[in-house]
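K.L.:
Sharing a structure below in structure tokens format, with a few things to ask.
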Amino acid sequence: MFKYIVRFILRQRLGIIISIALITIFMGYKALDIELSYEMAQMLPETDSTFINYKKFKNTFGEDGTVLFIGIQDKNIFKLNKYNDWYNLTYKIKKIQGVQEIVSIAKIYTLIKNDSLKKFDFENIIPQKPKTQEEVNKIKQKILSLPLYDGLIFNKKNSSTIMAITLDKKFINNKNRIKLINKIKTTAETFGNKYNVKLHYSGLPYIRTITSKKIKYELILFVVLALLIATLVLFLFFRSFKSVLPSIIIVIICVIWAMGTIVLLGYKITFLTGIIPPLIIIIGVENCIFLINKYHLEYKTHGNKVKALSRTISRVGPTTLLTNLTTAAGFAAFIITRNKILVEFGIVATINIIVIYILTLLLIPIFNSYFKPPEFKHTKHLDNAKTNYIIEKITNLILYHRTKIYIVSICLALIGIYGVTKLKTTGKIVDDISTKSELYKDLVFFQNQVKGILPFEISIDTKKDKGVMRLSTLKKIEKLQKILSKYPEFSKPLSIVEVAKTAKQAFYNGDTSMYSLPNSQEKNFILSYLPKQKNNKKTILSSFVDTNLRVTRISIQMANIGTTEIQKIKDELRPEIDSIFNPKKYDVTMTGTSIVFLKGTNYMIKNLIQSLLLAILIITLLMTLLFSSAKMISISFIPNILPQLLTAALMGFVAISIKPSTILIFSVALGISVDNAIHFLSRYRFQLKLNDWNIKKSVILALNETSYSMIYSSIVLILGFGIFIFSDFGGTQAIGFLIPFTLFIAVLCNLILLPSLLLSLDKKITTKTFKEPLLEIFDEEEDIELDELDVKKD
């Protein structure tokens, strides 16, 4: 097959270049429409019961993550001038388009009894800006007399205050959110700058906005870093711009195609698809190294450029096809997860890894066909003294010290197994943010002041219209809230109970001692003062009950705790809830962003484990096509499974938890690390044919032929993936730390352990089935006649 590919590439050089150029222009044009994703990541399929319950909750009560919080800690906040500036800031922010409502110590609402109309008016207790310190003092006393806001808007223990800004949901899930958040922050900072007070920002809209901006910044940063590393490493290896320039041009083309692919598929940039362009550069350079090395080696052997190019295509092309397919398999396995972000990541990465292979196979030979043949100095890397020294040491090890190699390998495997036992499975909603970032520090501030800002909701369906307003139901809700208040991870719960208590206090003219549920005698006439629930009309009740007064909610803000802790709380609460609300009469559901994240994390981990197993299966099937021997395939997996085991152990020892952002590393790393085994085994089989099945000689010759490319490509991959350690996202940092570790161990295993196993097991694994593959992609011993190529100057 590759005989015809060689002819096509070398005869149709100009046509191929023009075609690629036109496609690149088109892809570049489409890439201009690339957009960031501003939506909350959908971690569950739409058929999942947890997702259905959450969607139902949002349809009834609206989004649960639309509040932006601004907090300060200042004991002088109730001084006249400072308070008035906070008052001015409150109303300036309220006027910003996209701000729906705002509550602060300068704009706070309560119920006021209107005796003439026999109803409660929902009024701002601060109708105008105070003019004297005495007026401010009275406002402070009013705020402190409202138990509803105690510990939420103002914390009298440490003088911290919070401004809660509800954003219009129309601005939440699109790029307008960035402008809105920036405008709010710029406006707020005028207060902070004037009084030299640190302002803290948090809430899901803010967290998601900052995250989106970081994704955009890191996309550009990592593309630049990947290109710089690729350029530097290629030049150090080959010492020739004729080798460096084509490679860099190819990976830039690949990046443009990748961005265009995202747009053509209707996807947006997420924290995962955002790392595809630098990944493409890293993997593309690896392909270039194998092809250029083979070209230089062939030319050095016989000095014929056309023959060297044809052999490069026909002999390295099939092997790199398989290695790229195995790498793609590691990414393609994510497609089965049914998680929107992972599926998109898997599809885009898989397509573009195949594209990388095609472009490098086409363009590396074409570019070199136009260049002058490599000079002696350009092939000196094939006789690099340091690399030769390393290879000599490795050869000595596998020939004379195999027992020591096996003892070390077994010891490492035992350490790995022990380390795996220390692994923990957990994850946090705000988990991928660096603990050194201002975003994380602000989150900690709010956890210290109000115990958290992440939504945890309990939906209560009474199964009867007006069932919520029954005194028995209100007492049950109050009883559950007392249980919830015992959890240090939860903020003060809010529900219809607080409305009823506030109504009673208002009915008795603000008497704080009356802040309690109305008794059976008081209930009917006190609650009759509350506004009636009507469709599309917002009232004090609409935030807590549906229009039929059948369904209500308990809203809690939760600290940024792990999924293990969330699950523990959920498991503890369920029997408590069922003991208060008879499951036959009430339908009580724990929901909200926190619960969806818990279920989504567990769901993703389960699916990612399945995807890892699928990746192993696909890689095995692909290797079967080339090697066909089950024994040989099993042997080839040993030096590639050991690095996976040690990586898992490392995670256990340094307390890196198994979570979606870390478990995806294994299938990606396996798909890449097995490439070296494929290159080595394919050359080993070729050498067997040339050397009359002399196993020892064939192993050494195959090692000498492939070790340069294995070492060079591994250095590129390790350094390339290492750039991700500079990310502000924990998951991306994990890629930058764990994948290079896996690849480093893998290259050592493939250079030392794999040849050792071949020599030790000798003819037990080098069987007839290995000699005769299921799919003969090419005949390595057959050369193409040079006059058949007819390579002419275009």
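Residue names in the structure tokens use chain letters A, B, ... in the order shown, residue numbers from 1 in each chain, and ligand numbers from 1 in the order shown.
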Got a sec: who's within 12 Å of segment 565-581 of chain A, counting only C-alpha atoms, leaving out chain neighbours fewer than 4 positions off, as a count of residues only?

P.N.:
53

K.L.:
Would you mind listing what lies within 8 Å of segment 493-502 of chain A as a list in words, with only C-alpha atoms counted and same-chain residues fewer than 5 positions away left out?

P.N.:
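With the cut-off at 8 Å, the set is Thr110, Leu111, Leu148, Leu474, Ile477, Glu478, Gln481, Leu484, Ser485, Met514, Tyr515, Ser516, Leu517, Pro518, Leu527, Ile540, Leu541, Phe544, Val545, Thr552, Arg553, Ile554, Ser555, Ile556 and Gln557 of chain A.
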
K.L.:
Set the distance at 6 Å and use only C-alpha atoms: which residues neighbour segment 234-251 of chain A once local chain neighbours fewer than 3 positions away are removed? I'd like the list as a list in words.

P.N.:
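My list of contacting residues is Ala230, Thr231, Cys254, Ile281, Gly284 and His378 of chain A.
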
K.L.:
Since we have the selection now, will you write its residues out, keeping C-alpha atoms, as an mmCIF file, in the first residue's frame?

P.N.:
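Here's the written file out_18.cif:
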data_model
loop_
_atom_site.group_PDB
_atom_site.id
_atom_site.type_symbol
_atom_site.label_atom_id
_atom_site.label_comp_id
_atom_site.auth_asym_id
_atom_site.auth_seq_id
_atom_site.Cartn_x
_atom_site.Cartn_y
_atom_site.Cartn_z
ATOM 1 C CA ALA A 230 9.509 22.487 20.051
ATOM 2 C CA THR A 231 11.767 24.938 18.189
ATOM 3 C CA CYS A 254 -2.209 21.601 12.645
ATOM 4 C CA ILE A 281 2.112 20.785 18.712
ATOM 5 C CA GLY A 284 3.103 16.680 15.884
ATOM 6 C CA HIS A 378 23.107 17.752 10.002
#

K.L.:
Skip segment 314-323 of chain A itself and residues of its chain fewer than 6 positions away, then list as a VMD selection string all residues within 8 Å of it, counting only C-alpha atoms.

P.N.:
chain A and resid 2 to 3 6 287 290 to 291 294 357 361 622 to 623 672 674 to 675 678 to 679 682 777 to 778 780

K.L.:
What gap, in Å, lies between atom CA of Ala332 of chain A and atom CA of Ile638 of chain A?

P.N.:
22.4 Å

K.L.:
Produce a table with one row for each residue of segment 249-319 of chain A that has an atom at most 9 Å from any atom of segment 728-748 of chain A, each row naming the nearest atom pair and its distance in Å at one decimal; use only C-alpha atoms; arrange rows by chain and rising residue number; format as a Markdown table.

P.N.:
| residue | atom | partner | partner_atom | distance |
| --- | --- | --- | --- | --- |
| A:Phe271 | CA | A:Thr732 | CA | 8.3 |
| A:Leu272 | CA | A:Thr732 | CA | 8.4 |
| A:Ile275 | CA | A:Thr732 | CA | 8.3 |

K.L.:
How many Å lie between atom CA of Pro205 of chain A and atom CA of Leu146 of chain A, rounded to one decimal?

P.N.:
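Distance between the two atoms: 27.9 Å.
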
K.L.:
So, counting only C-alpha atoms, which residue among A:Phe191, A:Tyr712, A:Tyr201, A:Tyr529 is closest to Lys441 of chain A?

P.N.:
A:Tyr201

K.L.:
Would you work out the distance separating atom CA of Val355 of chain A from atom CA of Val716 of chain A, expressed in Å to one decimal?

P.N.:
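We find that atom CA of Val355 of chain A and atom CA of Val716 of chain A lie 19.5 Å from each other.
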
K.L.:
When you look at Tyr299 of chain A with a cut-off of 12 Å (counting only C-alpha atoms), what residues show up, excluding the ones that are within fewer than 5 positions of it in the same chain? I need them as a list in words.

P.N.:
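Selected residues are Ile292, Asn293, Lys294, Asn304, Lys305, Val306, Lys307, Ala308, Leu309, Ser310, Arg311, Thr312, Asn368, Lys372, Pro373, Pro374, Glu375, Phe376, His378, Thr379 and Leu382 of chain A.
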